[in-house]
Amino acid sequence: MSFKLKGPVLEGALVRLEPLEHRHTADLAAAAEENRDTYAFTCVPRAEEVGACVDAQLERAASGRLAPYAQVSLATGRAVGTTSYWEPRCWLTDGQLDAVEIGFTWLGASAQGTGINAEAKLLLFRHAFEEWGVSRVDLKSDARNARSRAAIERVGARFEGVLRNWSRSWSPGEEGRLRDTAIFSITAREWPGCRGRLEKRVAGFLARRA
């Protein structure tokens, strides 16, 4: 496949998505050690593991199959989590991206519920559909993770089903086990409506902040 993922800086009113670099490590380590109660099914490194995780993401990025981002809060100027484009698929022609996944996403506790997740998804979806011209964006979650599944549905993705024994489990105590994975998607036909709803959600967060 000749298409290589490379994500540009994407900036909104609440969050700036910056291509992940080592300079984000200290901020991410601090964010990862905030209240971790929401991470039961999510792979979020401990502070001492963040550097190695950044190294691993940058190594994957070099292959062209991953474009990792730091999510930077515009209110504080600090990186508060990560997200990525990954798993590019070119089904019709080798150089045209037809589908991509958004994953490797987490936010520190203080950034959750602030609108950062909604706007980050708006920025990522908009670039994928309107710049790359994809036909589909997918998102996945541990099938047991009700909080994550609800967040994915709130950004407009449609639930497609559960893929059984689909990938490794990230839950503590489940090392070496597989998990069932809930899969969601947005298609190009659905994108205009999804965009409008997301823009309204972000505007609501901005109005509350003002």
# chains A, B, ... in the order shown; residues from 1 in each chain; ligands from 1
>>> residues_around(residues="segment 28-39 of chain A", least_positions_apart="2", cutoff="10 Å", atoms="only C-alpha atoms", output="tab-separated table (two decimals) with N, CA and C atoms, in the first residue's frame")
chain	number	residue	atom	x	y	z
A	23	ARG	N	8.49	15.83	23.31
A	23	ARG	CA	8.29	16.99	24.17
A	23	ARG	C	6.96	16.95	24.91
A	24	HIS	N	6.04	16.10	24.47
A	24	HIS	CA	4.75	15.96	25.14
A	24	HIS	C	4.80	15.02	26.34
A	25	THR	N	5.91	14.34	26.54
A	25	THR	CA	5.97	13.25	27.51
A	25	THR	C	5.66	13.71	28.93
A	26	ALA	N	6.25	14.80	29.38
A	26	ALA	CA	6.05	15.24	30.77
A	26	ALA	C	4.59	15.59	31.03
A	41	PHE	N	-10.94	-0.39	31.35
A	41	PHE	CA	-10.87	-1.16	30.11
A	41	PHE	C	-10.02	-0.47	29.05
A	42	THR	N	-9.30	0.58	29.44
A	42	THR	CA	-8.56	1.41	28.48
A	42	THR	C	-7.07	1.32	28.75
A	43	CYS	N	-6.28	1.29	27.68
A	43	CYS	CA	-4.82	1.23	27.81
A	43	CYS	C	-4.27	2.64	28.01
A	44	VAL	N	-4.02	2.99	29.26
A	44	VAL	CA	-3.45	4.30	29.60
A	44	VAL	C	-2.18	4.04	30.41
A	45	PRO	N	-1.03	4.48	29.93
A	45	PRO	CA	0.23	4.17	30.63
A	45	PRO	C	0.31	4.87	31.98
A	46	ARG	N	1.07	4.29	32.89
A	46	ARG	CA	1.45	5.01	34.10
A	46	ARG	C	2.50	6.03	33.73
A	47	ALA	N	2.75	6.97	34.64
A	47	ALA	CA	3.67	8.07	34.34
A	47	ALA	C	5.02	7.56	33.86
A	48	GLU	N	5.54	6.53	34.54
A	48	GLU	CA	6.88	6.03	34.21
A	48	GLU	C	6.90	5.26	32.88
A	49	GLU	N	5.72	4.94	32.35
A	49	GLU	CA	5.63	4.19	31.10
A	49	GLU	C	5.39	5.09	29.87
A	50	VAL	N	5.10	6.37	30.11
A	50	VAL	CA	4.71	7.24	29.00
A	50	VAL	C	5.82	7.37	27.97
A	51	GLY	N	7.07	7.54	28.41
A	51	GLY	CA	8.17	7.68	27.46
A	51	GLY	C	8.28	6.50	26.52
A	54	VAL	N	5.42	6.60	24.01
A	54	VAL	CA	5.66	7.57	22.95
A	54	VAL	C	6.64	6.98	21.93
A	70	ALA	N	-0.88	14.24	20.21
A	70	ALA	CA	-1.12	14.72	21.57
A	70	ALA	C	-2.32	15.65	21.52
A	71	GLN	N	-3.23	15.48	22.48
A	71	GLN	CA	-4.37	16.39	22.59
A	71	GLN	C	-3.98	17.50	23.56
A	72	VAL	N	-3.85	18.71	23.05
A	72	VAL	CA	-3.37	19.83	23.84
A	72	VAL	C	-4.54	20.76	24.16
A	78	ARG	N	-1.34	22.62	27.81
A	78	ARG	CA	-0.70	21.37	28.18
A	78	ARG	C	-1.34	20.19	27.46
A	79	ALA	N	-0.51	19.18	27.16
A	79	ALA	CA	-1.03	17.94	26.58
A	79	ALA	C	-1.81	17.19	27.66
A	80	VAL	N	-3.05	16.80	27.34
A	80	VAL	CA	-3.93	16.18	28.33
A	80	VAL	C	-4.35	14.77	27.92
A	81	GLY	N	-3.81	14.27	26.81
A	81	GLY	CA	-4.15	12.93	26.37
A	81	GLY	C	-3.62	12.69	24.97
A	82	THR	N	-3.98	11.56	24.41
A	82	THR	CA	-3.53	11.21	23.06
A	82	THR	C	-4.70	10.69	22.24
A	106	TRP	N	-7.10	8.54	24.82
A	106	TRP	CA	-7.40	8.71	26.25
A	106	TRP	C	-7.22	10.17	26.63
A	107	LEU	N	-7.91	10.57	27.70
A	107	LEU	CA	-7.80	11.91	28.25
A	107	LEU	C	-7.60	11.81	29.76
A	108	GLY	N	-6.79	12.72	30.30
A	108	GLY	CA	-6.69	12.83	31.74
A	108	GLY	C	-8.04	13.19	32.34
A	109	ALA	N	-8.23	12.84	33.60
A	109	ALA	CA	-9.54	13.01	34.24
A	109	ALA	C	-10.03	14.45	34.17
A	110	SER	N	-9.14	15.43	34.35
A	110	SER	CA	-9.57	16.83	34.37
A	110	SER	C	-10.02	17.32	33.01
A	111	ALA	N	-9.65	16.63	31.94
A	111	ALA	CA	-10.05	17.02	30.59
A	111	ALA	C	-11.31	16.31	30.13
A	112	GLN	N	-11.76	15.31	30.85
A	112	GLN	CA	-12.97	14.59	30.48
A	112	GLN	C	-14.19	15.45	30.78
A	145	ASN	N	-17.00	-1.87	28.03
A	145	ASN	CA	-16.73	-0.50	28.46
A	145	ASN	C	-17.91	0.41	28.11
A	147	ARG	N	-18.89	3.20	29.39
A	147	ARG	CA	-18.56	4.62	29.33
A	147	ARG	C	-17.98	5.00	27.97
A	148	SER	N	-17.04	4.19	27.48
A	148	SER	CA	-16.43	4.47	26.19
A	148	SER	C	-17.45	4.33	25.06
A	170	TRP	N	-7.00	-5.06	27.70
A	170	TRP	CA	-6.15	-4.11	28.42
A	170	TRP	C	-6.56	-3.99	29.88
A	171	SER	N	-7.49	-4.82	30.32
A	171	SER	CA	-7.97	-4.74	31.70
A	171	SER	C	-6.95	-5.34	32.66
A	172	PRO	N	-6.74	-4.69	33.81
A	172	PRO	CA	-5.80	-5.24	34.79
A	172	PRO	C	-6.19	-6.66	35.17
>>> select_by_dssp(residues="segment 46-194 of chain A", states="strand (DSSP E)", output="VMD selection string")
chain A and resid 66 to 73 79 to 89 99 to 107 136 to 142 158 to 168 178 to 187
>>> residues_around(residues="Leu5 of chain A", least_positions_apart="3", cutoff="7 Å", atoms="only C-alpha atoms", output="list in words")
Gly64, Arg65, Leu66 and Ala67 of chain A
>>> write_last_selection(atoms="N, CA and C atoms", output="PDB file, in the first residue's frame")
ATOM      1  N   GLY A  64       3.996   4.352   8.567  1.00  0.00           N
ATOM      2  CA  GLY A  64       2.921   4.946   7.789  1.00  0.00           C
ATOM      3  C   GLY A  64       1.550   4.410   8.112  1.00  0.00           C
ATOM      4  N   ARG A  65       1.455   3.516   9.111  1.00  0.00           N
ATOM      5  CA  ARG A  65       0.160   2.937   9.466  1.00  0.00           C
ATOM      6  C   ARG A  65      -0.468   3.593  10.689  1.00  0.00           C
ATOM      7  N   LEU A  66       0.199   4.579  11.261  1.00  0.00           N
ATOM      8  CA  LEU A  66      -0.309   5.253  12.452  1.00  0.00           C
ATOM      9  C   LEU A  66       0.092   6.717  12.389  1.00  0.00           C
ATOM     10  N   ALA A  67      -0.824   7.602  12.757  1.00  0.00           N
ATOM     11  CA  ALA A  67      -0.521   9.031  12.876  1.00  0.00           C
ATOM     12  C   ALA A  67      -0.949   9.459  14.273  1.00  0.00           C
TER      13      ALA A  67
END
>>> residues_around(residues="Lys121 of chain A", least_positions_apart="6", cutoff="9 Å", atoms="only C-alpha atoms", output="number ranges by chain")
A: 102, 155, 198
>>> write_last_selection(atoms="all heavy atoms", output="short mmCIF file (atom, residue, chain, number, x, y, z; two decimals), in the first residue's frame")
data_model
loop_
_atom_site.label_atom_id
_atom_site.label_comp_id
_atom_site.auth_asym_id
_atom_site.auth_seq_id
_atom_site.Cartn_x
_atom_site.Cartn_y
_atom_site.Cartn_z
N ILE A 102 -9.93 5.58 14.14
CA ILE A 102 -9.45 6.51 15.17
C ILE A 102 -9.37 5.71 16.47
O ILE A 102 -10.34 5.08 16.89
CB ILE A 102 -10.38 7.71 15.32
CG1 ILE A 102 -10.32 8.58 14.07
CG2 ILE A 102 -10.01 8.54 16.56
CD1 ILE A 102 -11.35 9.68 14.03
N VAL A 155 -20.58 11.08 19.84
CA VAL A 155 -19.94 11.82 18.75
C VAL A 155 -20.52 11.44 17.39
O VAL A 155 -20.06 11.93 16.36
CB VAL A 155 -18.40 11.66 18.74
CG1 VAL A 155 -17.81 12.18 20.03
CG2 VAL A 155 -17.97 10.24 18.45
N LEU A 198 -22.07 17.51 15.96
CA LEU A 198 -20.85 17.74 16.72
C LEU A 198 -20.55 19.22 16.88
O LEU A 198 -20.13 19.67 17.96
CB LEU A 198 -19.66 17.05 16.03
CG LEU A 198 -19.39 15.60 16.42
CD1 LEU A 198 -18.26 15.04 15.57
CD2 LEU A 198 -19.03 15.49 17.90
#
>>> closest_residue(among="A:Ala203, A:Ala143, A:Val137, A:Leu92", to="Arg158 of chain A", atoms="only C-alpha atoms")
A:Val137
>>> residues_around(residues="Gly133 of chain A", least_positions_apart="5", cutoff="8 Å", atoms="only C-alpha atoms", output="PDB file with N, CA, C and O atoms, in the first residue's frame")
ATOM      1  N   LEU A  97      -7.052   6.650   0.076  1.00  0.00           N
ATOM      2  CA  LEU A  97      -7.511   6.115   1.359  1.00  0.00           C
ATOM      3  C   LEU A  97      -9.024   5.978   1.345  1.00  0.00           C
ATOM      4  O   LEU A  97      -9.747   6.950   1.109  1.00  0.00           O
ATOM      5  N   ASP A  98      -9.514   4.780   1.619  1.00  0.00           N
ATOM      6  CA  ASP A  98     -10.959   4.537   1.655  1.00  0.00           C
ATOM      7  C   ASP A  98     -11.508   4.487   3.070  1.00  0.00           C
ATOM      8  O   ASP A  98     -12.676   4.824   3.295  1.00  0.00           O
ATOM      9  N   ALA A 128     -10.503  13.589   7.870  1.00  0.00           N
ATOM     10  CA  ALA A 128     -10.582  12.302   7.177  1.00  0.00           C
ATOM     11  C   ALA A 128     -11.580  12.354   6.024  1.00  0.00           C
ATOM     12  O   ALA A 128     -11.287  11.902   4.905  1.00  0.00           O
TER      13      ALA A 128
END
>>> residues_around(residues="Arg177 of chain A", least_positions_apart="4", cutoff="10 Å", atoms="only C-alpha atoms", output="ChimeraX atom specification")
/A:165,167-171,173
>>> closest_residue(among="A:Glu101, A:Ala120, A:Ala52, A:Cys194", to="Tyr69 of chain A", atoms="only C-alpha atoms")
A:Ala120
>>> atom_distance(atom1="atom CA of Gly176 of chain A", atom2="atom CA of Arg164 of chain A")
15.5 Å
>>> closest_residue(among="A:Glu153, A:Asp180, A:Asp27, A:Glu18", to="Asp138 of chain A", atoms="only C-alpha atoms")
A:Glu153
>>> closest_residue(among="A:Ala146, A:Val100, A:Ala40, A:Ala75", to="Lys4 of chain A", atoms="only C-alpha atoms")
A:Val100
>>> select_by_dssp(residues="segment 5-201 of chain A", states="alpha helix (DSSP H)", output="PyMOL selection string")
chain A and resi 25-32+50-62+116-126+146-154+191-201
>>> residues_around(residues="Ile116 of chain A", least_positions_apart="2", cutoff="6 Å", atoms="only C-alpha atoms", output="PyMOL selection string")
chain A and resi 14-15+114+118-120
>>> write_last_selection(atoms="N, CA and C atoms", output="compact mmCIF listing (two decimals), in the first residue's frame")
# COMPACT_ATOMS: atom_id res chain seq x y z
N LEU A 14 -11.14 24.53 21.51
CA LEU A 14 -10.86 23.92 22.81
C LEU A 14 -9.58 23.11 22.82
N VAL A 15 -9.24 22.52 21.68
CA VAL A 15 -8.13 21.58 21.64
C VAL A 15 -7.32 21.77 20.36
N THR A 114 -15.14 18.08 29.17
CA THR A 114 -14.90 19.50 28.92
C THR A 114 -15.18 19.90 27.47
N ALA A 118 -15.17 15.80 22.17
CA ALA A 118 -16.09 16.09 21.07
C ALA A 118 -15.39 16.88 19.97
N GLU A 119 -14.62 17.91 20.35
CA GLU A 119 -13.99 18.72 19.31
C GLU A 119 -12.85 17.97 18.64
N ALA A 120 -12.11 17.16 19.39
CA ALA A 120 -11.05 16.36 18.77
C ALA A 120 -11.63 15.44 17.70
>>> closest_residue(among="A:Ala151, A:Gln96, A:Thr76, A:Glu160", to="Glu131 of chain A", atoms="only C-alpha atoms")
A:Gln96
>>> decode(residues="segment 91-140 of chain A", atoms="N, CA and C atoms", output="PDB file, in the first residue's frame")
ATOM      1  N   TRP A  91      -8.878   0.268  -0.547  1.00  0.00           N
ATOM      2  CA  TRP A  91      -9.520  -0.892  -1.138  1.00  0.00           C
ATOM      3  C   TRP A  91      -9.651  -0.798  -2.657  1.00  0.00           C
ATOM      4  N   LEU A  92      -9.885   0.377  -3.182  1.00  0.00           N
ATOM      5  CA  LEU A  92     -10.171   0.517  -4.610  1.00  0.00           C
ATOM      6  C   LEU A  92      -8.929   0.803  -5.435  1.00  0.00           C
ATOM      7  N   THR A  93      -8.108   1.737  -4.960  1.00  0.00           N
ATOM      8  CA  THR A  93      -6.837   2.017  -5.627  1.00  0.00           C
ATOM      9  C   THR A  93      -5.770   2.169  -4.557  1.00  0.00           C
ATOM     10  N   ASP A  94      -4.536   1.892  -4.899  1.00  0.00           N
ATOM     11  CA  ASP A  94      -3.464   1.818  -3.913  1.00  0.00           C
ATOM     12  C   ASP A  94      -3.176   3.152  -3.236  1.00  0.00           C
ATOM     13  N   GLY A  95      -3.384   4.262  -3.932  1.00  0.00           N
ATOM     14  CA  GLY A  95      -3.001   5.549  -3.372  1.00  0.00           C
ATOM     15  C   GLY A  95      -4.132   6.347  -2.764  1.00  0.00           C
ATOM     16  N   GLN A  96      -5.385   5.834  -2.805  1.00  0.00           N
ATOM     17  CA  GLN A  96      -6.536   6.566  -2.283  1.00  0.00           C
ATOM     18  C   GLN A  96      -7.027   5.900  -1.004  1.00  0.00           C
ATOM     19  N   LEU A  97      -7.052   6.650   0.076  1.00  0.00           N
ATOM     20  CA  LEU A  97      -7.511   6.115   1.359  1.00  0.00           C
ATOM     21  C   LEU A  97      -9.024   5.978   1.345  1.00  0.00           C
ATOM     22  N   ASP A  98      -9.514   4.780   1.619  1.00  0.00           N
ATOM     23  CA  ASP A  98     -10.959   4.537   1.655  1.00  0.00           C
ATOM     24  C   ASP A  98     -11.508   4.487   3.070  1.00  0.00           C
ATOM     25  N   ALA A  99     -10.710   4.055   4.032  1.00  0.00           N
ATOM     26  CA  ALA A  99     -11.188   3.936   5.405  1.00  0.00           C
ATOM     27  C   ALA A  99     -10.014   4.066   6.365  1.00  0.00           C
ATOM     28  N   VAL A 100     -10.313   4.552   7.561  1.00  0.00           N
ATOM     29  CA  VAL A 100      -9.291   4.711   8.578  1.00  0.00           C
ATOM     30  C   VAL A 100      -9.964   4.575   9.941  1.00  0.00           C
ATOM     31  N   GLU A 101      -9.202   4.170  10.915  1.00  0.00           N
ATOM     32  CA  GLU A 101      -9.711   4.050  12.281  1.00  0.00           C
ATOM     33  C   GLU A 101      -9.153   5.174  13.143  1.00  0.00           C
ATOM     34  N   ILE A 102      -9.926   5.585  14.141  1.00  0.00           N
ATOM     35  CA  ILE A 102      -9.451   6.506  15.169  1.00  0.00           C
ATOM     36  C   ILE A 102      -9.368   5.710  16.467  1.00  0.00           C
ATOM     37  N   GLY A 103      -8.183   5.718  17.072  1.00  0.00           N
ATOM     38  CA  GLY A 103      -7.999   4.928  18.283  1.00  0.00           C
ATOM     39  C   GLY A 103      -6.837   5.434  19.113  1.00  0.00           C
ATOM     40  N   PHE A 104      -6.370   4.588  20.044  1.00  0.00           N
ATOM     41  CA  PHE A 104      -5.312   4.961  20.983  1.00  0.00           C
ATOM     42  C   PHE A 104      -5.681   6.272  21.693  1.00  0.00           C
ATOM     43  N   THR A 105      -6.954   6.397  22.065  1.00  0.00           N
ATOM     44  CA  THR A 105      -7.472   7.646  22.609  1.00  0.00           C
ATOM     45  C   THR A 105      -7.642   7.560  24.124  1.00  0.00           C
ATOM     46  N   TRP A 106      -7.105   8.539  24.824  1.00  0.00           N
ATOM     47  CA  TRP A 106      -7.403   8.708  26.252  1.00  0.00           C
ATOM     48  C   TRP A 106      -7.215  10.169  26.633  1.00  0.00           C
ATOM     49  N   LEU A 107      -7.912  10.567  27.701  1.00  0.00           N
ATOM     50  CA  LEU A 107      -7.798  11.910  28.248  1.00  0.00           C
ATOM     51  C   LEU A 107      -7.601  11.812  29.756  1.00  0.00           C
ATOM     52  N   GLY A 108      -6.794  12.721  30.299  1.00  0.00           N
ATOM     53  CA  GLY A 108      -6.689  12.825  31.741  1.00  0.00           C
ATOM     54  C   GLY A 108      -8.037  13.187  32.340  1.00  0.00           C
ATOM     55  N   ALA A 109      -8.230  12.843  33.604  1.00  0.00           N
ATOM     56  CA  ALA A 109      -9.539  13.015  34.239  1.00  0.00           C
ATOM     57  C   ALA A 109     -10.029  14.450  34.175  1.00  0.00           C
ATOM     58  N   SER A 110      -9.143  15.429  34.348  1.00  0.00           N
ATOM     59  CA  SER A 110      -9.575  16.828  34.373  1.00  0.00           C
ATOM     60  C   SER A 110     -10.025  17.321  33.006  1.00  0.00           C
ATOM     61  N   ALA A 111      -9.652  16.628  31.942  1.00  0.00           N
ATOM     62  CA  ALA A 111     -10.050  17.018  30.586  1.00  0.00           C
ATOM     63  C   ALA A 111     -11.314  16.314  30.125  1.00  0.00           C
ATOM     64  N   GLN A 112     -11.762  15.307  30.853  1.00  0.00           N
ATOM     65  CA  GLN A 112     -12.972  14.586  30.478  1.00  0.00           C
ATOM     66  C   GLN A 112     -14.194  15.447  30.777  1.00  0.00           C
ATOM     67  N   GLY A 113     -15.171  15.409  29.874  1.00  0.00           N
ATOM     68  CA  GLY A 113     -16.392  16.183  30.070  1.00  0.00           C
ATOM     69  C   GLY A 113     -16.250  17.665  29.807  1.00  0.00           C
ATOM     70  N   THR A 114     -15.144  18.077  29.175  1.00  0.00           N
ATOM     71  CA  THR A 114     -14.902  19.501  28.915  1.00  0.00           C
ATOM     72  C   THR A 114     -15.183  19.903  27.474  1.00  0.00           C
ATOM     73  N   GLY A 115     -15.512  18.955  26.624  1.00  0.00           N
ATOM     74  CA  GLY A 115     -15.704  19.224  25.205  1.00  0.00           C
ATOM     75  C   GLY A 115     -14.493  18.904  24.359  1.00  0.00           C
ATOM     76  N   ILE A 116     -13.360  18.604  25.006  1.00  0.00           N
ATOM     77  CA  ILE A 116     -12.153  18.304  24.244  1.00  0.00           C
ATOM     78  C   ILE A 116     -12.344  17.064  23.384  1.00  0.00           C
ATOM     79  N   ASN A 117     -12.960  16.022  23.939  1.00  0.00           N
ATOM     80  CA  ASN A 117     -13.155  14.807  23.152  1.00  0.00           C
ATOM     81  C   ASN A 117     -14.054  15.072  21.957  1.00  0.00           C
ATOM     82  N   ALA A 118     -15.167  15.805  22.173  1.00  0.00           N
ATOM     83  CA  ALA A 118     -16.088  16.090  21.068  1.00  0.00           C
ATOM     84  C   ALA A 118     -15.392  16.884  19.972  1.00  0.00           C
ATOM     85  N   GLU A 119     -14.624  17.913  20.348  1.00  0.00           N
ATOM     86  CA  GLU A 119     -13.986  18.717  19.314  1.00  0.00           C
ATOM     87  C   GLU A 119     -12.850  17.968  18.642  1.00  0.00           C
ATOM     88  N   ALA A 120     -12.111  17.156  19.389  1.00  0.00           N
ATOM     89  CA  ALA A 120     -11.049  16.364  18.767  1.00  0.00           C
ATOM     90  C   ALA A 120     -11.627  15.438  17.704  1.00  0.00           C
ATOM     91  N   LYS A 121     -12.763  14.793  18.019  1.00  0.00           N
ATOM     92  CA  LYS A 121     -13.388  13.916  17.031  1.00  0.00           C
ATOM     93  C   LYS A 121     -13.875  14.729  15.837  1.00  0.00           C
ATOM     94  N   LEU A 122     -14.432  15.906  16.066  1.00  0.00           N
ATOM     95  CA  LEU A 122     -14.855  16.762  14.967  1.00  0.00           C
ATOM     96  C   LEU A 122     -13.685  17.076  14.042  1.00  0.00           C
ATOM     97  N   LEU A 123     -12.549  17.439  14.610  1.00  0.00           N
ATOM     98  CA  LEU A 123     -11.372  17.765  13.808  1.00  0.00           C
ATOM     99  C   LEU A 123     -10.869  16.547  13.030  1.00  0.00           C
ATOM    100  N   LEU A 124     -10.808  15.399  13.697  1.00  0.00           N
ATOM    101  CA  LEU A 124     -10.310  14.181  13.054  1.00  0.00           C
ATOM    102  C   LEU A 124     -11.256  13.701  11.958  1.00  0.00           C
ATOM    103  N   PHE A 125     -12.555  13.665  12.257  1.00  0.00           N
ATOM    104  CA  PHE A 125     -13.523  13.246  11.245  1.00  0.00           C
ATOM    105  C   PHE A 125     -13.488  14.186  10.045  1.00  0.00           C
ATOM    106  N   ARG A 126     -13.470  15.494  10.309  1.00  0.00           N
ATOM    107  CA  ARG A 126     -13.515  16.466   9.221  1.00  0.00           C
ATOM    108  C   ARG A 126     -12.315  16.316   8.293  1.00  0.00           C
ATOM    109  N   HIS A 127     -11.137  16.124   8.872  1.00  0.00           N
ATOM    110  CA  HIS A 127      -9.959  15.957   8.026  1.00  0.00           C
ATOM    111  C   HIS A 127     -10.058  14.659   7.221  1.00  0.00           C
ATOM    112  N   ALA A 128     -10.503  13.589   7.870  1.00  0.00           N
ATOM    113  CA  ALA A 128     -10.582  12.302   7.177  1.00  0.00           C
ATOM    114  C   ALA A 128     -11.580  12.354   6.024  1.00  0.00           C
ATOM    115  N   PHE A 129     -12.767  12.892   6.263  1.00  0.00           N
ATOM    116  CA  PHE A 129     -13.798  12.903   5.221  1.00  0.00           C
ATOM    117  C   PHE A 129     -13.569  13.988   4.174  1.00  0.00           C
ATOM    118  N   GLU A 130     -13.133  15.173   4.607  1.00  0.00           N
ATOM    119  CA  GLU A 130     -13.112  16.315   3.693  1.00  0.00           C
ATOM    120  C   GLU A 130     -11.754  16.556   3.037  1.00  0.00           C
ATOM    121  N   GLU A 131     -10.682  16.073   3.652  1.00  0.00           N
ATOM    122  CA  GLU A 131      -9.357  16.223   3.045  1.00  0.00           C
ATOM    123  C   GLU A 131      -8.881  14.915   2.410  1.00  0.00           C
ATOM    124  N   TRP A 132      -8.990  13.817   3.139  1.00  0.00           N
ATOM    125  CA  TRP A 132      -8.576  12.533   2.584  1.00  0.00           C
ATOM    126  C   TRP A 132      -9.649  11.898   1.712  1.00  0.00           C
ATOM    127  N   GLY A 133     -10.899  12.285   1.914  1.00  0.00           N
ATOM    128  CA  GLY A 133     -11.981  11.736   1.104  1.00  0.00           C
ATOM    129  C   GLY A 133     -12.321  10.293   1.428  1.00  0.00           C
ATOM    130  N   VAL A 134     -12.222   9.902   2.694  1.00  0.00           N
ATOM    131  CA  VAL A 134     -12.529   8.523   3.058  1.00  0.00           C
ATOM    132  C   VAL A 134     -14.021   8.249   2.938  1.00  0.00           C
ATOM    133  N   SER A 135     -14.357   6.988   2.811  1.00  0.00           N
ATOM    134  CA  SER A 135     -15.742   6.558   2.785  1.00  0.00           C
ATOM    135  C   SER A 135     -16.234   6.122   4.157  1.00  0.00           C
ATOM    136  N   ARG A 136     -15.278   5.897   5.081  1.00  0.00           N
ATOM    137  CA  ARG A 136     -15.653   5.328   6.371  1.00  0.00           C
ATOM    138  C   ARG A 136     -14.573   5.643   7.407  1.00  0.00           C
ATOM    139  N   VAL A 137     -15.027   5.952   8.628  1.00  0.00           N
ATOM    140  CA  VAL A 137     -14.136   6.040   9.795  1.00  0.00           C
ATOM    141  C   VAL A 137     -14.675   5.094  10.840  1.00  0.00           C
ATOM    142  N   ASP A 138     -13.828   4.261  11.424  1.00  0.00           N
ATOM    143  CA  ASP A 138     -14.291   3.388  12.496  1.00  0.00           C
ATOM    144  C   ASP A 138     -13.624   3.688  13.818  1.00  0.00           C
ATOM    145  N   LEU A 139     -14.328   3.291  14.882  1.00  0.00           N
ATOM    146  CA  LEU A 139     -13.850   3.402  16.258  1.00  0.00           C
ATOM    147  C   LEU A 139     -14.217   2.107  16.965  1.00  0.00           C
ATOM    148  N   LYS A 140     -13.371   1.684  17.885  1.00  0.00           N
ATOM    149  CA  LYS A 140     -13.613   0.431  18.602  1.00  0.00           C
ATOM    150  C   LYS A 140     -13.451   0.632  20.105  1.00  0.00           C
TER     151      LYS A 140
END
